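Data file: query.cif. Format and content: mmCIF, C-alpha atoms.
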```
data_input
loop_
_atom_site.label_atom_id
_atom_site.label_comp_id
_atom_site.auth_asym_id
_atom_site.auth_seq_id
_atom_site.Cartn_x
_atom_site.Cartn_y
_atom_site.Cartn_z
CA GLY A 1 0.00 0.00 0.00
CA TRP A 2 0.83 3.67 -0.07
CA VAL A 3 1.18 6.23 2.67
CA ILE A 4 1.24 9.93 1.88
CA CYS A 5 2.31 12.38 4.56
CA TYR A 6 1.68 16.07 4.03
CA ASP A 7 4.04 17.80 6.43
CA ARG A 8 2.50 21.28 6.50
CA THR A 9 4.22 22.29 9.76
CA GLY A 10 7.62 20.72 9.12
CA ALA A 11 7.24 18.25 12.00
CA PHE A 12 8.99 15.51 10.02
CA LYS A 13 11.96 17.68 9.01
CA GLU A 14 14.43 15.80 11.18
CA ILE A 15 13.15 12.31 10.37
CA ARG A 16 12.10 12.76 6.70
CA GLN A 17 15.21 11.05 5.33
CA GLY A 18 14.69 8.11 7.69
CA LEU A 19 11.04 7.77 6.61
CA VAL A 20 12.09 7.72 2.95
CA LYS A 21 14.69 5.02 3.66
CA LEU A 22 12.19 3.01 5.71
CA SER A 23 9.61 3.20 2.93
CA GLN A 24 12.14 1.80 0.48
CA VAL A 25 13.17 -1.10 2.74
CA ILE A 26 9.75 -2.50 3.60
CA LEU A 27 8.66 -4.92 0.90
CA GLY A 28 5.45 -6.05 2.57
CA ALA A 29 2.61 -4.19 4.18
CA ASN A 30 3.48 -0.98 6.00
CA SER A 31 3.01 -2.21 9.55
CA LEU A 32 3.76 1.19 11.07
CA ALA A 33 0.87 2.80 9.21
CA GLN A 34 -1.35 -0.25 9.70
CA SER A 35 -0.89 -0.05 13.45
CA VAL A 36 -3.07 3.07 13.60
CA VAL A 37 -5.93 1.55 11.63
CA PRO A 38 -7.78 0.07 14.65
CA SER A 39 -7.88 3.42 16.44
CA LEU A 40 -8.93 5.18 13.24
CA LEU A 41 -11.83 2.77 12.90
CA THR A 42 -12.96 3.00 16.53
CA ASP A 43 -12.09 6.60 17.45
CA THR A 44 -13.24 8.45 14.33
CA PRO A 45 -16.68 10.00 14.92
CA GLN A 46 -19.52 8.59 12.84
CA SER A 47 -20.39 12.14 11.80
CA TYR A 48 -17.03 12.42 10.02
CA ARG A 49 -17.65 9.21 8.07
CA GLU A 50 -21.14 10.42 7.11
CA GLU A 51 -19.78 13.78 5.98
CA VAL A 52 -17.10 12.15 3.83
CA ASN A 53 -19.61 9.69 2.33
CA ASP A 54 -22.03 12.54 1.56
CA GLN A 55 -19.27 14.51 -0.13
CA LEU A 56 -18.17 11.50 -2.19
CA ARG A 57 -21.77 10.74 -3.18
CA SER A 58 -22.34 14.35 -4.23
CA ASN A 59 -19.05 14.49 -6.17
CA CYS A 60 -19.99 11.24 -7.89
CA ASP A 61 -23.37 12.65 -8.91
CA ILE A 62 -21.85 15.90 -10.20
CA SER A 63 -19.13 14.04 -12.12
CA PHE A 64 -21.61 11.65 -13.70
CA GLU A 65 -24.02 14.41 -14.71
CA MET A 66 -21.29 16.58 -16.22
CA LEU A 67 -19.54 13.73 -18.05
CA GLN A 68 -22.85 12.37 -19.33
CA ARG A 69 -23.42 15.67 -21.18
CA ILE A 70 -20.11 15.47 -23.07
CA ASP A 71 -20.63 14.10 -26.57
CA GLY A 72 -18.18 11.25 -27.13
CA LEU A 73 -18.03 10.08 -23.52
CA ARG A 74 -20.15 7.54 -21.63
CA PRO A 75 -19.55 7.44 -17.88
CA SER A 76 -20.43 4.40 -15.77
CA LYS A 77 -21.82 5.43 -12.40
CA PRO A 78 -20.11 3.50 -9.59
CA LYS A 79 -21.97 2.01 -6.66
CA GLY A 80 -19.27 2.01 -3.99
CA THR A 81 -15.96 3.50 -5.10
CA PHE A 82 -14.42 6.94 -5.36
CA TYR A 83 -13.50 6.52 -9.01
CA MET A 84 -15.49 6.30 -12.23
CA MET A 85 -14.79 4.59 -15.54
CA VAL A 86 -15.66 6.62 -18.64
CA GLU A 87 -15.95 5.08 -22.10
CA ILE A 88 -14.39 6.94 -25.03
CA ASP A 89 -16.32 6.91 -28.32
CA ARG A 90 -13.46 6.89 -30.83
CA LYS A 91 -15.92 7.37 -33.69
CA LYS A 92 -16.70 10.83 -32.30
CA LEU A 93 -13.31 11.84 -30.92
CA ASN A 94 -10.06 12.14 -32.83
CA VAL A 95 -8.04 9.81 -30.63
CA GLU A 96 -6.50 6.44 -31.44
CA ASP A 97 -7.15 4.77 -28.09
CA ASP A 98 -7.34 5.42 -24.35
CA MET A 99 -3.57 5.98 -24.10
CA ASP A 100 -3.71 8.59 -26.85
CA PHE A 101 -6.73 10.23 -25.18
CA THR A 102 -5.02 10.51 -21.79
CA GLN A 103 -1.74 11.74 -23.27
CA LYS A 104 -3.42 14.43 -25.38
CA LEU A 105 -5.67 15.44 -22.48
CA VAL A 106 -2.70 16.10 -20.19
CA GLU A 107 -0.81 17.92 -22.95
CA GLN A 108 -3.73 20.11 -24.04
CA GLN A 109 -5.66 20.67 -20.80
CA SER A 110 -3.26 19.67 -17.98
CA VAL A 111 -5.76 17.10 -16.72
CA TYR A 112 -4.43 13.67 -15.84
CA VAL A 113 -6.71 10.64 -15.91
CA LEU A 114 -5.70 6.99 -15.92
CA PRO A 115 -6.07 5.10 -19.20
CA GLY A 116 -8.48 2.19 -18.97
CA SER A 117 -5.92 -0.16 -20.47
CA CYS A 118 -4.20 -0.06 -17.05
CA PHE A 119 -7.24 -2.04 -15.87
CA LYS A 120 -7.69 -4.11 -19.06
CA MET A 121 -10.55 -1.77 -20.10
CA ASN A 122 -9.44 -0.42 -23.47
CA ALA A 123 -11.29 2.66 -24.76
CA PHE A 124 -12.01 3.84 -21.19
CA PHE A 125 -10.36 6.22 -18.76
CA ARG A 126 -10.69 6.52 -15.01
CA ILE A 127 -11.30 9.62 -12.95
CA ILE A 128 -11.17 9.96 -9.19
CA PHE A 129 -13.86 12.15 -7.66
CA SER A 130 -12.47 12.51 -4.14
CA SER A 131 -10.87 15.85 -5.05
CA PRO A 132 -12.31 19.14 -3.78
CA ARG A 133 -15.50 19.92 -5.70
CA ALA A 134 -14.19 23.10 -7.36
CA SER A 135 -11.12 21.27 -8.71
CA LEU A 136 -13.28 18.38 -9.90
CA ILE A 137 -15.66 20.68 -11.77
CA GLU A 138 -12.78 22.55 -13.39
CA ALA A 139 -11.16 19.28 -14.49
CA ILE A 140 -14.39 18.03 -16.07
CA GLU A 141 -14.90 21.39 -17.81
CA ARG A 142 -11.39 20.97 -19.23
CA ILE A 143 -12.24 17.41 -20.34
CA ASP A 144 -15.29 18.88 -22.11
CA ALA A 145 -13.13 21.54 -23.82
CA PHE A 146 -10.68 18.82 -24.85
CA CYS A 147 -13.47 16.71 -26.37
CA GLN A 148 -14.86 19.70 -28.26
CA ALA A 149 -11.41 20.55 -29.63
CA ASN A 150 -10.75 16.93 -30.63
CA ARG A 151 -14.10 16.08 -32.19
CA ARG A 152 -13.94 14.21 -35.48
CA ALA A 153 -15.19 16.30 -38.40
CA SER A 154 -17.84 13.70 -39.32
CA SER A 155 -19.44 13.81 -35.82
CA THR A 156 -20.24 17.54 -35.66
#
```
Take the structure I supplied and represent it as structure tokens, if you would.
Amino acid sequence: GWVICYDRTGAFKEIRQGLVKLSQVILGANSLAQSVVPSLLTDTPQSYREEVNDQLRSNCDISFEMLQRIDGLRPSKPKGTFYMMVEIDRKKLNVEDDMDFTQKLVEQQSVYVLPGSCFKMNAFFRIIFSSPRASLIEAIERIDAFCQANRRASST
């Protein structure tokens, strides 16, 4: 698994190098990070979990609605994840495949999505909707602009 530490206050300044070395030595599960999981599960207020779930549900709905309106894309609404698979209609968009779509999208709009071929789902890409809502909306607006700019002439 992965552990990401955002050290806003510089508390890890003196031990940062040791953490990096430790992360490169451990080949199995990160037992240090896993040791806090029980207290996270028992000590985190239910209200926090509900708030996070509500935010994820709302972000999912917004993402699906916005992506559904983009000609050339067909999102699949998830039922329990914080990511969404979106099918690319290559007949409508001037892209060769999902790898070409994701590469051009990052080059033209600075939006990074994962190509579906990473998950053996060619002609799809994956977005994550756990980002702050404003960033998510801006990213999907950029995806829309990308699709408009890369529309095949025969599909206009």
query = Which residues fall under the PyMOL selection byres ((chain A and resi 75) around 6) in this file, as number ranges by chain?
reply = A: 74, 76, 86
inquiry  = Taking 6 positions as the minimum chain separation for residues in the same chain, which residues sit within 12 Å of Glu65 (chain A) when counting only C-alpha atoms? Answer as a ChimeraX atom specification.
reply    = /A:58-59,73-77,137,140-141
request  = Taking the file above as input, evaluate the PyMOL selection byres ((chain A and resi 112-119) around 10) and report the hits as a VMD selection string.
outcome  = chain A and resid 85 to 88 97 to 107 109 to 111 120 to 128 139 143
inquiry  = To test your reading of the syntax: which residues would the PyMOL selection byres ((chain A and resi 82) around 10) return for the file shown? Reply as a ChimeraX atom specification.
reply    = /A:53,56-57,59-60,78-81,83-84,127-131
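Between CA of Val95 (chain A) and CA of Ala134 (chain A) lies a distance of 27.5 Å.
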note = Separating CA of Leu93 (chain A) from CA of Met66 (chain A), to the nearest tenth of an Å, is a gap of 17.4 Å
request  = Work out how far apart CA of Gln148 (chain A) and CA of Asn94 (chain A) are and give it in Å to one decimal.
outcome  = 10.1 Å
request  = Would you kindly return, as a PyMOL selection string, each protein, DNA or RNA residue with an atom no farther than 9 Å from any atom of Asp144 (chain A), considering only C-alpha atoms and excluding same-chain residues fewer than 6 positions away?
outcome  = chain A and resi 66-67+69-71
key: Using only C-alpha atoms: which of A:Ile62, A:Ala33, A:Val20, A:Leu40 has the shortest distance to Pro132 (chain A)   =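 Smallest distance to Pro132 (chain A) is found for A:Ile62.
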Padding 5 Å on every side, please: axis-aligned box over the listed atoms of region 123-140 of chain A, centre and edge lengths to one decimal in Å, as JSON.
```
{"center_x": -13.0, "center_y": 12.9, "center_z": -14.3, "size_x": 15.3, "size_y": 30.4, "size_z": 31.0}
```
remark   = With distances taken over all atoms listed in the file, the candidate from A:Arg133, A:Glu51, A:Asn150, A:Ser31 nearest Ser63 (chain A) is A:Arg133
ask   = List as a list in words: which residues have an atom within 12 Å of (-17.1, 12.7, -38.9), counting only C-alpha atoms?
value =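 Within 12 Å of (-17.1, 12.7, -38.9), the protein and nucleic acid residues are Gly72, Arg90, Lys91, Lys92, Leu93, Asn94, Asn150, Arg151, Arg152, Ala153, Ser154, Ser155 and Thr156 of chain A.
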Based on the selection just made, write C-alpha atoms of those residues as a compact mmCIF listing (two decimals), in the coordinates of the input.
```
# COMPACT_ATOMS: atom_id res chain seq x y z
CA GLY A 72 -18.18 11.25 -27.13
CA ARG A 90 -13.46 6.89 -30.83
CA LYS A 91 -15.92 7.37 -33.69
CA LYS A 92 -16.70 10.83 -32.30
CA LEU A 93 -13.31 11.84 -30.92
CA ASN A 94 -10.06 12.14 -32.83
CA ASN A 150 -10.75 16.93 -30.63
CA ARG A 151 -14.10 16.08 -32.19
CA ARG A 152 -13.94 14.21 -35.48
CA ALA A 153 -15.19 16.30 -38.40
CA SER A 154 -17.84 13.70 -39.32
CA SER A 155 -19.44 13.81 -35.82
CA THR A 156 -20.24 17.54 -35.66
```
